[in-house]
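What follows is one structure encoded as structure tokens, with my remarks underneath.
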Amino acid sequence: MNSENSTILRINGPVVFADRMGAAGLGEQVDVGTEKLTGEIIALDNDTATIQVYEDTTGLKPGEPVAARGAPLSAWLGPGILRSVYDGIQRPLDTLREFSGTFLARGLSTPGIDLERTWVFTPQMQAGDTIAPLSILGEVPETDLVAHRVLVPHGVAGTLTWVAEAGSYRVTDVIARVDAGDGERELTMLQRWPIRRPRPIGRRLPPRVPVITGQRVIDFLFPAARGGACAIPGGFGTGKTVTQHQLAKWSDVDVIVYIGCGERGNEMTQVLDEFPVLIDPRSGKPIMERTALIANTSNMPVTAREASIYTGITLAEYYRDMGYHVAVMADSTSRWAEALREISGRLEEMPAEEGYPAYLASRIGEVYERAGRAETAEADGTAREGSVTIIGAVSPPGGDFSEPVTTHTKRFVRTFWGLDRDLASARHFPSINWNTSYSEYDVSAWYAEHAALPWAALRERATALLQEDDRLQNIVKLIGPDALPDRQRIVLESARLVKEAFLQQGAFSETDSYCPVPKQLGMMDVILTFHERALKASAAGRPVHRILALPVVEAIHRMKETVPADDPGALDALKKQVEAAFEE
């Protein structure tokens with residue numbers, strides 16, 4: 001690409017205008033200035049290019065050179081992604097620190113994965129086999145938890161003429177050759193993919209399998225589905241980040257991509273300190289063995305913040321194509337949208353609602369629509385399944401859910417976990433409001449097959465109880481609970497058990513931080529059994545104050561801490577204790 005004579009015309013913050021760029025393409029990556037700052041062409045007007053720079057532009061001057069690289073901003077795909085900590089454009093921070101020390105210098109450019117490290121490659125195909133895009137050539141033990149499946153790139157099909165023997169190779173070494181019909185092509189373990197282009201899906205599957213998070217209010221009331229799009233909106237201090245940390249720790253997915261998009265430095269420090277020592281409950285290994293972190297804090301350039309979401313989702317789609325289930329934690333999309341607003345202002349575009357660009361809704365849609373559950377056909381006719389589940393935190397100013405980012409996000413997600421400031425102030429965590437939250441994913445068939453207790457029936461009864469309690473709360477505020485009929489007082493007490501003994505969950509409790517599905521259903525079965533027996537006892541003339549003073553009520557309150565996660569039989573014993581208390 002001939003852009004040797006291109007120079008900077010003018011500079012407006014992170015936006016740079018360069019002349020004589022007519023030979024470059026829209027979306028192409030460029031080197032800006034004598035320090036070769038990384039940038040991307042976002043608009044072309046004849047031969048004048050508008051470039052957003054992913055680094056600090058302080059000190060840039062008109063007249064400095066601009067050079068096009070001939071390719072769009074792309075992610076590095078291959079072994080070595082997991083256990084890494086990247087910035088917003090997939091530069092490994094550990095490697096950058098080796099070059100510049102604690103404070104990162106400008107103009108540093110390094111591959112997203114180590115090109116010199118060797119990996120033990122074990123082939124799964126041989127010469128003469130027919131391959132298609134995304135066929136698995138072999139495997140590399142990337143970590144103790146994840147085997148990296150080396151895929152045939154998109155657009156490559158034909159017959160293998162040679163495959164490397166098992167051994168140690170760098171990602172740039174040739175491991176196979178394929179006769180593609182128009183000549184022989186060499187394949188390596190390294191691929192590049194433009195971050196703003198979704199990777200194609202072979203066959204999209206309906207999102208009907210839940211992501212088990214171990215958080216009762218989510219799994220039981222508002223489940224997320226594999227391949228689904230979820231949002232966690234909430235004001236400052238309502239627990240968005242801790243909730244996302246819990247989901248990242250405990251979700252039953254194979255790979256986690258955590259994107260700290262515009263987060264405060266101390267919150268990202270907590271993630272970086274905690275994840276390497278946190279043990280995966282299913283394997284006993286550190287959770288970083290299946291995690292990639294993108295740390296783009298609030299003091300980093302806003303343009304890199306805008307790109308970080310796309311970088312993380314591209315990494316997730318790559319592992320989805322291998323047949324893994326991936327969860328993307330984006331914290332927070334509001335700060336990503338603020339980066340869009342700032343860039344739009346620098347481009348002197350006409351602002352829309354609250355200063356956000358008019359294309360805000362389409363950009364949010366682009367992000368969430370890259371979620372999905374996919375099936376990829378193997379060369380032998382079988383298929384492998386993978387998924388990308390996107391969970392985005394939203395930080396509406398003042399907790400106002402009517403602001404543009406939250407409003408547009410609700411159009412594209414089907415699970416909405418609305419955090420409530422009043423619940424957070426009352427120390428009820430997770431502070432997910434059961435009256436404003438919802439999930440549109442139908443996972444009842446999975447629960448019917450895998451759970452011993454009827455999840456759908458229990459959920460319907462619990463939801464009806466909470467709705468009746470919500471109606472009664474307005475009356476209680478006027479006349480107090482003692483003036484209510486006995487039946488309604490029992491409803492209030494049973495709903496209080498649901499809220500305090502079930503929905504409230506301690507993130508820092510060794511026993512209660514994670515609650516498996518059998519324990520969740522057993523706990524709700526105990527509470528609803530108490531509710532039914534209490535109503536019958538009241539109808540038979542038993543005084544309500546004696547019913548509410550039964551010792552078993554305290555046992556129900558404490559069951560989330562006293563009943564081990566791996567001992568569902570203890571809940572059966574508690575249920576019998578409830579029934580015996582009313583028999584007496």
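Ordered as shown in the structure tokens, chains take letters A, B, and onward, while each chain numbers its residues from 1 and ligands are numbered from 1 in the order shown.
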Original post:
Can you list, as a count of residues only, every protein, DNA or RNA residue that comes within 10 Å of Thr562 (chain A) when you count only C-alpha atoms, leaving out same-chain residues fewer than 5 positions away?
Top reply: 7
Subject >> Spatial neighbours of Glu375 (chain A), max dist 7 Å, only C-alpha atoms, sep filter under 3 positions, as a ChimeraX atom specification >> reply: /A:202-205,383-386
How would the residues just chosen look if you wrote them out with all heavy atoms as an mmCIF file, in the first residue's frame?
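As written to disk, again03.cif reads:
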```cif
data_model
loop_
_atom_site.group_PDB
_atom_site.id
_atom_site.type_symbol
_atom_site.label_atom_id
_atom_site.label_comp_id
_atom_site.auth_asym_id
_atom_site.auth_seq_id
_atom_site.Cartn_x
_atom_site.Cartn_y
_atom_site.Cartn_z
ATOM 1 N N GLY A 202 -21.851 -21.804 11.367
ATOM 2 C CA GLY A 202 -22.332 -22.837 10.463
ATOM 3 C C GLY A 202 -23.833 -23.041 10.574
ATOM 4 O O GLY A 202 -24.575 -22.916 9.601
ATOM 5 N N ARG A 203 -24.297 -23.355 11.772
ATOM 6 C CA ARG A 203 -25.725 -23.563 12.012
ATOM 7 C C ARG A 203 -26.047 -23.032 13.400
ATOM 8 O O ARG A 203 -25.456 -23.463 14.384
ATOM 9 C CB ARG A 203 -26.067 -25.053 11.906
ATOM 10 C CG ARG A 203 -27.524 -25.381 12.246
ATOM 11 C CD ARG A 203 -27.852 -26.825 11.901
ATOM 12 N NE ARG A 203 -29.170 -27.211 12.396
ATOM 13 C CZ ARG A 203 -29.385 -27.915 13.504
ATOM 14 N NH1 ARG A 203 -28.354 -28.338 14.225
ATOM 15 N NH2 ARG A 203 -30.602 -28.223 13.889
ATOM 16 N N ARG A 204 -26.973 -22.108 13.462
ATOM 17 C CA ARG A 204 -27.329 -21.494 14.740
ATOM 18 C C ARG A 204 -28.363 -22.361 15.455
ATOM 19 O O ARG A 204 -29.366 -22.765 14.859
ATOM 20 C CB ARG A 204 -27.876 -20.088 14.530
ATOM 21 C CG ARG A 204 -28.030 -19.283 15.804
ATOM 22 C CD ARG A 204 -28.481 -17.870 15.497
ATOM 23 N NE ARG A 204 -27.440 -17.096 14.865
ATOM 24 C CZ ARG A 204 -26.533 -16.382 15.523
ATOM 25 N NH1 ARG A 204 -26.535 -16.388 16.857
ATOM 26 N NH2 ARG A 204 -25.620 -15.697 14.886
ATOM 27 N N LEU A 205 -28.120 -22.637 16.735
ATOM 28 C CA LEU A 205 -29.011 -23.450 17.552
ATOM 29 C C LEU A 205 -29.821 -22.560 18.492
ATOM 30 O O LEU A 205 -29.347 -21.496 18.904
ATOM 31 C CB LEU A 205 -28.209 -24.472 18.370
ATOM 32 C CG LEU A 205 -27.347 -25.467 17.585
ATOM 33 C CD1 LEU A 205 -26.529 -26.322 18.548
ATOM 34 C CD2 LEU A 205 -28.201 -26.344 16.690
ATOM 35 N N ALA A 383 -20.892 -33.329 14.372
ATOM 36 C CA ALA A 383 -20.921 -31.888 14.627
ATOM 37 C C ALA A 383 -20.457 -31.619 16.050
ATOM 38 O O ALA A 383 -20.596 -32.462 16.933
ATOM 39 C CB ALA A 383 -22.319 -31.326 14.407
ATOM 40 N N ARG A 384 -19.872 -30.452 16.257
ATOM 41 C CA ARG A 384 -19.489 -30.016 17.595
ATOM 42 C C ARG A 384 -20.227 -28.718 17.899
ATOM 43 O O ARG A 384 -20.488 -27.907 17.011
ATOM 44 C CB ARG A 384 -17.974 -29.835 17.707
ATOM 45 C CG ARG A 384 -17.391 -28.758 16.804
ATOM 46 C CD ARG A 384 -15.878 -28.665 16.983
ATOM 47 N NE ARG A 384 -15.282 -27.622 16.164
ATOM 48 C CZ ARG A 384 -14.856 -27.779 14.922
ATOM 49 N NH1 ARG A 384 -14.968 -28.970 14.334
ATOM 50 N NH2 ARG A 384 -14.318 -26.773 14.246
ATOM 51 N N GLU A 385 -20.541 -28.545 19.154
ATOM 52 C CA GLU A 385 -21.343 -27.399 19.573
ATOM 53 C C GLU A 385 -20.516 -26.442 20.412
ATOM 54 O O GLU A 385 -19.734 -26.855 21.261
ATOM 55 C CB GLU A 385 -22.557 -27.873 20.380
ATOM 56 C CG GLU A 385 -23.450 -26.756 20.883
ATOM 57 C CD GLU A 385 -24.536 -27.263 21.811
ATOM 58 O OE1 GLU A 385 -25.164 -28.301 21.493
ATOM 59 O OE2 GLU A 385 -24.768 -26.636 22.865
ATOM 60 N N GLY A 386 -20.695 -25.162 20.169
ATOM 61 C CA GLY A 386 -20.045 -24.134 20.967
ATOM 62 C C GLY A 386 -20.987 -22.954 21.121
ATOM 63 O O GLY A 386 -22.012 -22.867 20.437
#
```
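Compared by their closest atoms to Asp254 (chain A), and using only C-alpha atoms, the residues A:Trp193, A:Phe222, A:Tyr319, A:Phe275 rank with A:Tyr319 nearest.
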**OP:** Give me every alpha helix (DSSP H) residue in region 330-396 of chain A, going by DSSP on the backbone, as a PyMOL selection string.
**Re:** chain A and resi 333-346+360-368
**OP:** Would you kindly return, as a PyMOL selection string, each protein, DNA or RNA residue with an atom no farther than 7 Å from any atom of region 51-57 of chain A, considering only C-alpha atoms and excluding same-chain residues fewer than 4 positions away?
**Re:** chain A and resi 13-17+37-42+106+301+303-304
Subject >> Of the listed residues A:Ile479, A:Ala501, A:Ala452, A:Leu548, that which approaches His428 (chain A) most closely, counting only C-alpha atoms >> reply: A:Ala501
**OP:** For region 460-477 of chain A, please output as a PyMOL selection string all residues within 12 Å (counting only C-alpha atoms; exclusion window: fewer than 4 positions along the same chain).
**Re:** chain A and resi 217+220-222+433-438+444+454-456+481-485+487-499+502-503+521+523-529+531-532
Subject >> Test item: residues at most 7 Å from Val156 (chain A), only C-alpha atoms, excluding those fewer than 3 positions along its chain, as a ChimeraX atom specification >> reply: /A:132-133,152-153,180
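Of the residues listed (A:Leu160, A:Leu115, A:Val146, A:Leu73), A:Val146 shows the shortest atom-to-atom separation from Ser283 (chain A); distances use only C-alpha atoms.
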Original post:
Which residues in region 211-279 of chain A does DSSP call strand (DSSP E or B)? List them as an NGL selection string.
Top reply: :A and (225 or 229-233 or 255-263 or 279)
Could the residues in this selection be written to a file with C-alpha atoms, as a PDB file, in the first residue's frame?
```pdb
ATOM      1  CA  ALA A 225     -28.995 -19.443  28.269  1.00  0.00           C
ATOM      2  CA  ALA A 229     -27.403 -11.948  25.598  1.00  0.00           C
ATOM      3  CA  CYS A 230     -27.769 -10.621  29.151  1.00  0.00           C
ATOM      4  CA  ALA A 231     -27.554  -7.199  30.781  1.00  0.00           C
ATOM      5  CA  ILE A 232     -26.820  -6.157  34.380  1.00  0.00           C
ATOM      6  CA  PRO A 233     -27.865  -2.501  34.781  1.00  0.00           C
ATOM      7  CA  VAL A 255     -13.699 -20.317  28.727  1.00  0.00           C
ATOM      8  CA  ILE A 256     -14.102 -16.860  30.283  1.00  0.00           C
ATOM      9  CA  VAL A 257     -13.227 -13.614  28.479  1.00  0.00           C
ATOM     10  CA  TYR A 258     -13.374 -10.764  31.004  1.00  0.00           C
ATOM     11  CA  ILE A 259     -13.337  -7.249  29.519  1.00  0.00           C
ATOM     12  CA  GLY A 260     -12.674  -4.405  31.931  1.00  0.00           C
ATOM     13  CA  CYS A 261     -13.934  -1.684  29.620  1.00  0.00           C
ATOM     14  CA  GLY A 262     -13.269   1.697  31.191  1.00  0.00           C
ATOM     15  CA  GLU A 263     -13.191   0.234  34.700  1.00  0.00           C
ATOM     16  CA  ILE A 279      -9.615 -22.236  42.301  1.00  0.00           C
TER      17      ILE A 279
END
```
Subject >> region 398-404 of chain A environment, 7 Å, only C-alpha atoms, sequence neighbours closer than 2 positions dropped, as a PyMOL selection string >> reply: chain A and resi 234-235+353+396+406-408
